[in-house]
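A.B. asks: This is the structure I have questions about; it appears just below.
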Amino acid sequence: MQATTLYNENHRWIMFGRDPGKPEKIIDTNQFLITSGDQSILLDPGGIELFAPMLAATLKYVPIENITHLFASHQDPDIISSLGLWDQVLPNAKLHCPWLWEGFVRHFGMNNIEYAPIRDQGETIRVGNIDLQLIPAHYLHSSGNFNVYDPVAKILFSGDIGAALEPPEAPFEIENFNDQIDKMQLFHQRWMPSNRAKQDWIRRVRKLDIEMMVPQHGRIFRGENVGKFLDWFEALEVGLAVQ
Amino acid sequence: MSDNHANQTVAAAQIASELHQAQQVARQLAISSKNARAIVLRAGSQAAGLAVIANFYDELANETITLAKSINITALEISTHSVVEWRNSSVLTNLKLAYDQAESATHQNDIVFFITEINEKQKLLDYRFGQLMSELRNKLGEIQQHMRAIDVIAVTSKLEAVRTGEFQGHLVEMADGIQVMANKIKEHVSHSISLLGNQK
């Protein structure tokens with residue numbers, strides 16, 4: 001599992017991904033750890049097959065008792081099917097996940113971790129000394145779906161928005177936005193059903209001060225690539241399967 | 001044992017299903033024993049010796065139903081227990097993997113605590129599993145004994161039926177039917193025992 005530090009001031013953002021031991025036919029995912037004081041949160045901690053490399057990678061940065069929060073942007077297995085295993089090693093953690101998915105996500109196994117349902121309109125959660133905003137991104141692509149925005153680091157974790165399907169050896173960062181379009185287009189058109197939901201999300205996100213947009217698959221958008229993505233996405237017709 | 005979790009879970013569920021079917025047969029057996037008692041009553045003094053036999057049928061059939069129900073519960077408990085052990089052992093495997101992969105991690109030793117804790121939990125689960133399995137074997141053995149007893153009673157009742165004159169035909173037919181049902185239950189139990197044979 002490769003790790004890269006995205007931000008390291010009073011708190012820290014670390015991105016994990018490109019696991020060389022990943023089984024061939026499953027999609028490559030990015031996981032994120034935010035640490036602040038003696039608390040940490042894992043964003044979209046990943047699938048069951050990723051638990052061991054993720055735990056090993058995480059412990060390079062924080063002791064296990066400092067992992068006090070988990071965040072699942074939605075219910076998919078590549079996001080959170082490792083929950084049943086985390087549940088055994090994080091007895092005092094909270095899982096922040098859309099309220100809509102509680103009855104479903106619990107099927108992954110959850111005896112110890114507390115389910116903290118996120119209301120549809122979003123909310124702010126405190127991890128260590130930082131406040132993280134949970135931004136609604138419903139229907140992009142799940143019917144209950146959130147992003148995480150850190151106003152201090154100016155990083156938006158955008159979940160499946162901005163995701164690209166590409167080989168695991170791909171670099172972490174986008175160099176040329178136009179080269180990235182081919183890798184993103186079908187994913188957004190097919191996995192995202194609603195143009196109206198898309199416009200609502202773009203309106204919200206344009207109000208935020210974002211230096212880095214980090215999706216759950218694919219590469220990081222930095223600086224002007226964030227704006228380029230928003231413009232491209234705004235013009236893109238989604239919900240392709242019914243057209 | 002950890003490699004065997006899937007087999008255990010499936011075998012226990014299969015045993016629950018076998019015993020569910022055995023229970024259905026035992027219900028028919030209980031009805032037949034009531035019919036036998038009715039005939040004995042009609043036969044009056046000619047079938048006085050059969051009255052005791054009919055009560056035995058009834059008693060054994062009812063006990064078999066109770067036992068089959070209880071086996072069903074135990075088998076389902078074993079199945080659920082196996083799934084817990086299965087999940088636990090999966091956590092353990094992954095933690096060991098994480099420990100190896102965290103070679104250079106500052107907090108690698110955090111994992112050891114959980115490995116120890118889950119190993120302890122696994123031992124308790126193993127112990128309980130052993131208890132449940134022996135409970136299951138005993139109950140299956142008990143049903144087998146009941147069926148053997150029913151077989152003996154059926155043979156005896158056929159001999160006794162000779163003295164009942166016009167009722168002999170009915171009683172012999174009924175005893176034959178009871179033997180067939182007892183054999184069916186024996187088959188389900190034997191199959192269950194053979195499924196158990198592969199488990200710890």
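Ordered as shown in the structure tokens, chains take letters A, B, and onward, while each chain numbers its residues from 1 and ligands are numbered from 1 in the order shown.
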I need the contact residues of chain B against chain A, so if you could list those with any atom within 9 Å, counting only C-alpha atoms, and return them as JSON, numbers by chain, that would help.
C.D. replies: {"B": [87, 88, 90, 91, 93, 94, 95, 96, 97, 98, 99, 100, 101, 102, 103, 104, 105, 106, 107, 108, 110, 111, 114, 118]}
A.B. asks: Pick out the residues sitting within 12 Å of range 126-134 of chain A, and hand them over as a PyMOL selection string; count only C-alpha atoms, and ignore anything fewer than 6 positions along from it in its own chain.
C.D. replies: chain A and resi 9-13+33-43+66-73+93-94+96-98+117-120+145-159+204-205+208
A.B. asks: So that I can see what lies close to Ala197 in chain A, please list as an mmCIF file with N, CA and C atoms, in the first residue's frame the residues with an atom at most 12 Å from it, counting only C-alpha atoms and leaving out residues fewer than 6 positions away in the same chain.
C.D. replies:
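Result file is around04.cif:
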data_model
loop_
_atom_site.group_PDB
_atom_site.id
_atom_site.type_symbol
_atom_site.label_atom_id
_atom_site.label_comp_id
_atom_site.auth_asym_id
_atom_site.auth_seq_id
_atom_site.Cartn_x
_atom_site.Cartn_y
_atom_site.Cartn_z
ATOM 1 N N PRO A 136 -23.518 17.299 1.390
ATOM 2 C CA PRO A 136 -24.406 16.382 0.650
ATOM 3 C C PRO A 136 -23.978 16.229 -0.809
ATOM 4 N N ALA A 137 -23.985 15.013 -1.261
ATOM 5 C CA ALA A 137 -23.686 14.714 -2.677
ATOM 6 C C ALA A 137 -24.620 13.588 -3.117
ATOM 7 N N HIS A 138 -25.896 13.723 -2.710
ATOM 8 C CA HIS A 138 -26.854 12.640 -2.950
ATOM 9 C C HIS A 138 -27.028 12.359 -4.444
ATOM 10 N N TYR A 139 -27.168 11.090 -4.741
ATOM 11 C CA TYR A 139 -27.340 10.575 -6.114
ATOM 12 C C TYR A 139 -26.064 10.687 -6.954
ATOM 13 N N LEU A 140 -24.947 11.006 -6.307
ATOM 14 C CA LEU A 140 -23.693 11.115 -7.070
ATOM 15 C C LEU A 140 -22.633 10.183 -6.443
ATOM 16 N N HIS A 141 -22.743 8.890 -6.502
ATOM 17 C CA HIS A 141 -23.692 8.188 -7.312
ATOM 18 C C HIS A 141 -24.720 7.433 -6.487
ATOM 19 N N SER A 142 -24.603 7.516 -5.183
ATOM 20 C CA SER A 142 -25.530 6.773 -4.332
ATOM 21 C C SER A 142 -26.655 7.692 -3.855
ATOM 22 N N SER A 143 -27.809 7.100 -3.538
ATOM 23 C CA SER A 143 -28.960 7.918 -3.143
ATOM 24 C C SER A 143 -28.764 8.603 -1.782
ATOM 25 N N GLY A 144 -27.866 8.088 -0.964
ATOM 26 C CA GLY A 144 -27.475 8.787 0.262
ATOM 27 C C GLY A 144 -25.966 8.889 0.220
ATOM 28 N N ASN A 145 -25.420 10.076 0.065
ATOM 29 C CA ASN A 145 -24.003 10.185 -0.294
ATOM 30 C C ASN A 145 -23.440 11.521 0.209
ATOM 31 N N ARG A 203 -23.272 23.684 -7.395
ATOM 32 C CA ARG A 203 -23.583 24.954 -6.720
ATOM 33 C C ARG A 203 -22.964 24.998 -5.316
ATOM 34 N N ARG A 204 -23.107 23.908 -4.589
ATOM 35 C CA ARG A 204 -22.555 23.857 -3.227
ATOM 36 C C ARG A 204 -21.029 23.972 -3.251
ATOM 37 N N PHE A 233 -17.755 18.830 -15.588
ATOM 38 C CA PHE A 233 -18.845 18.038 -15.006
ATOM 39 C C PHE A 233 -20.190 18.752 -15.199
ATOM 40 N N GLU A 234 -20.150 20.078 -15.078
ATOM 41 C CA GLU A 234 -21.369 20.871 -15.231
ATOM 42 C C GLU A 234 -21.979 20.652 -16.624
ATOM 43 N N GLU A 237 -23.714 15.449 -19.602
ATOM 44 C CA GLU A 237 -25.031 14.825 -19.402
ATOM 45 C C GLU A 237 -24.807 13.499 -18.681
ATOM 46 N N VAL A 238 -25.495 13.311 -17.559
ATOM 47 C CA VAL A 238 -25.336 12.033 -16.843
ATOM 48 C C VAL A 238 -26.642 11.233 -16.922
ATOM 49 N N GLY A 239 -26.640 10.046 -16.349
ATOM 50 C CA GLY A 239 -27.815 9.192 -16.414
ATOM 51 C C GLY A 239 -27.935 8.542 -17.780
#
A.B. asks: Could you tell me how far CA of Lys198 in chain A lies from CA of Phe221 in chain A, in Å and to one decimal?
C.D. replies: 18.1 Å
A.B. asks: Would you mind listing what lies within 8 Å of range 168-175 of chain B as a list in words, with only C-alpha atoms counted and same-chain residues fewer than 6 positions away left out?
C.D. replies: Ser32, Ala36, Ile39, Ala154, Val155, Ser157, Lys158, Ala161 and Val162 of chain B
A.B. asks: Find, counting only C-alpha atoms, the residue in B:Asp151, B:Ile78, B:Ala51, B:Asn119 that gets nearest to Lys184 in chain B.
C.D. replies: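 Checking each candidate against Lys184 in chain B, we get B:Asp151 as the closest.
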A.B. asks: Which parts of range 38-216 of chain A does DSSP call strand (DSSP E) when run on the backbone here, written out as a PyMOL selection string?
C.D. replies: chain A and resi 39-43+67-71+94-98+114-118+123-127+130-136+146-150+155-159+212-215
A.B. asks: Please identify all polymer residues within 10 Å of Ala6 in chain B, counting only C-alpha atoms, omitting same-chain residues fewer than 6 positions from it, and present them as a list of chain:residue names.
C.D. replies: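 Answer for this query is B:Ser79, B:Ser82, B:Val83, B:Trp86.
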A.B. asks: Would you save the residues from that selection as a PDB file, in the first residue's frame, using C-alpha atoms?
C.D. replies:
ATOM      1  CA  SER B  79     -24.288 -23.134  12.561  1.00  0.00           C
ATOM      2  CA  SER B  82     -19.481 -21.528  13.330  1.00  0.00           C
ATOM      3  CA  VAL B  83     -20.159 -18.276  11.518  1.00  0.00           C
ATOM      4  CA  TRP B  86     -15.367 -18.109  10.970  1.00  0.00           C
TER       5      TRP B  86
END
A.B. asks: Separation of CA of Leu195 in chain B and CA of Gln8 in chain B, in Å?
C.D. replies: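 CA of Leu195 in chain B sits 9.1 Å away from CA of Gln8 in chain B.
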A.B. asks: Can you list, as a PyMOL selection string, every protein, DNA or RNA residue that comes within 9 Å of Ala182 in chain B when you count only C-alpha atoms, leaving out same-chain residues fewer than 5 positions away?
C.D. replies: chain B and resi 25-26+29+146-148+150-151+177+187
A.B. asks: Got time to write the residues from that selection, N, CA, C and O atoms, as an mmCIF file, in the first residue's frame?
C.D. replies:
data_model
loop_
_atom_site.group_PDB
_atom_site.id
_atom_site.type_symbol
_atom_site.label_atom_id
_atom_site.label_comp_id
_atom_site.auth_asym_id
_atom_site.auth_seq_id
_atom_site.Cartn_x
_atom_site.Cartn_y
_atom_site.Cartn_z
ATOM 1 N N VAL B 25 -41.893 -36.723 10.363
ATOM 2 C CA VAL B 25 -42.212 -38.159 10.406
ATOM 3 C C VAL B 25 -42.651 -38.549 11.814
ATOM 4 O O VAL B 25 -43.606 -39.316 11.999
ATOM 5 N N ALA B 26 -41.962 -37.998 12.820
ATOM 6 C CA ALA B 26 -42.310 -38.321 14.212
ATOM 7 C C ALA B 26 -43.737 -37.872 14.529
ATOM 8 O O ALA B 26 -44.431 -38.509 15.324
ATOM 9 N N LEU B 29 -45.900 -40.451 13.262
ATOM 10 C CA LEU B 29 -45.752 -41.588 14.177
ATOM 11 C C LEU B 29 -46.672 -41.405 15.393
ATOM 12 O O LEU B 29 -47.327 -42.368 15.837
ATOM 13 N N HIS B 146 -34.437 -44.539 20.609
ATOM 14 C CA HIS B 146 -35.907 -44.536 20.549
ATOM 15 C C HIS B 146 -36.395 -45.329 19.351
ATOM 16 O O HIS B 146 -37.344 -46.104 19.451
ATOM 17 N N MET B 147 -35.729 -45.136 18.242
ATOM 18 C CA MET B 147 -36.184 -45.805 17.023
ATOM 19 C C MET B 147 -35.979 -47.325 17.123
ATOM 20 O O MET B 147 -36.789 -48.108 16.646
ATOM 21 N N ARG B 148 -34.867 -47.686 17.763
ATOM 22 C CA ARG B 148 -34.640 -49.130 17.960
ATOM 23 C C ARG B 148 -35.728 -49.708 18.855
ATOM 24 O O ARG B 148 -36.267 -50.781 18.592
ATOM 25 N N ILE B 150 -38.762 -48.577 19.227
ATOM 26 C CA ILE B 150 -40.020 -48.621 18.476
ATOM 27 C C ILE B 150 -40.048 -49.855 17.574
ATOM 28 O O ILE B 150 -41.081 -50.533 17.442
ATOM 29 N N ASP B 151 -38.897 -50.149 16.995
ATOM 30 C CA ASP B 151 -38.790 -51.330 16.135
ATOM 31 C C ASP B 151 -39.138 -52.604 16.912
ATOM 32 O O ASP B 151 -39.926 -53.443 16.453
ATOM 33 N N GLY B 177 -46.497 -49.983 9.314
ATOM 34 C CA GLY B 177 -46.383 -48.545 9.009
ATOM 35 C C GLY B 177 -45.468 -47.837 10.001
ATOM 36 O O GLY B 177 -44.628 -47.004 9.617
ATOM 37 N N GLU B 187 -32.985 -43.144 9.167
ATOM 38 C CA GLU B 187 -32.178 -42.702 8.012
ATOM 39 C C GLU B 187 -31.733 -41.247 8.175
ATOM 40 O O GLU B 187 -30.573 -40.911 7.938
#
A.B. asks: Excluding Gly141 in chain B and residues on its chain fewer than 2 positions from it, collect all residues at most 12 Å away from it, counting only C-alpha atoms, and give them as a ChimeraX atom specification.
C.D. replies: /B:64,67-68,71,134-139,143-148,186,189-190,192-193
A.B. asks: Can you spit out the residues from that selection as a PDB file, in the first residue's frame, using C-alpha atoms?
C.D. replies:
ATOM      1  CA  THR B  64     -38.792 -38.020  19.498  1.00  0.00           C
ATOM      2  CA  LEU B  67     -35.747 -34.311  20.802  1.00  0.00           C
ATOM      3  CA  ALA B  68     -35.902 -33.459  17.108  1.00  0.00           C
ATOM      4  CA  ILE B  71     -31.629 -30.984  17.938  1.00  0.00           C
ATOM      5  CA  SER B 134     -21.254 -33.412  22.128  1.00  0.00           C
ATOM      6  CA  GLU B 135     -24.781 -32.256  23.032  1.00  0.00           C
ATOM      7  CA  LEU B 136     -25.796 -32.865  19.430  1.00  0.00           C
ATOM      8  CA  ARG B 137     -24.189 -36.328  19.281  1.00  0.00           C
ATOM      9  CA  ASN B 138     -25.929 -37.349  22.515  1.00  0.00           C
ATOM     10  CA  LYS B 139     -29.320 -36.212  21.315  1.00  0.00           C
ATOM     11  CA  ILE B 143     -33.249 -40.650  18.958  1.00  0.00           C
ATOM     12  CA  GLN B 144     -31.540 -43.704  17.501  1.00  0.00           C
ATOM     13  CA  GLN B 145     -32.264 -45.601  20.715  1.00  0.00           C
ATOM     14  CA  HIS B 146     -35.907 -44.536  20.549  1.00  0.00           C
ATOM     15  CA  MET B 147     -36.184 -45.805  17.023  1.00  0.00           C
ATOM     16  CA  ARG B 148     -34.640 -49.130  17.960  1.00  0.00           C
ATOM     17  CA  LYS B 186     -33.322 -43.601  11.520  1.00  0.00           C
ATOM     18  CA  VAL B 189     -30.465 -39.483  12.016  1.00  0.00           C
ATOM     19  CA  SER B 190     -27.821 -41.723  10.391  1.00  0.00           C
ATOM     20  CA  SER B 192     -26.930 -36.471  10.341  1.00  0.00           C
ATOM     21  CA  ILE B 193     -24.397 -38.584  12.211  1.00  0.00           C
TER      22      ILE B 193
END
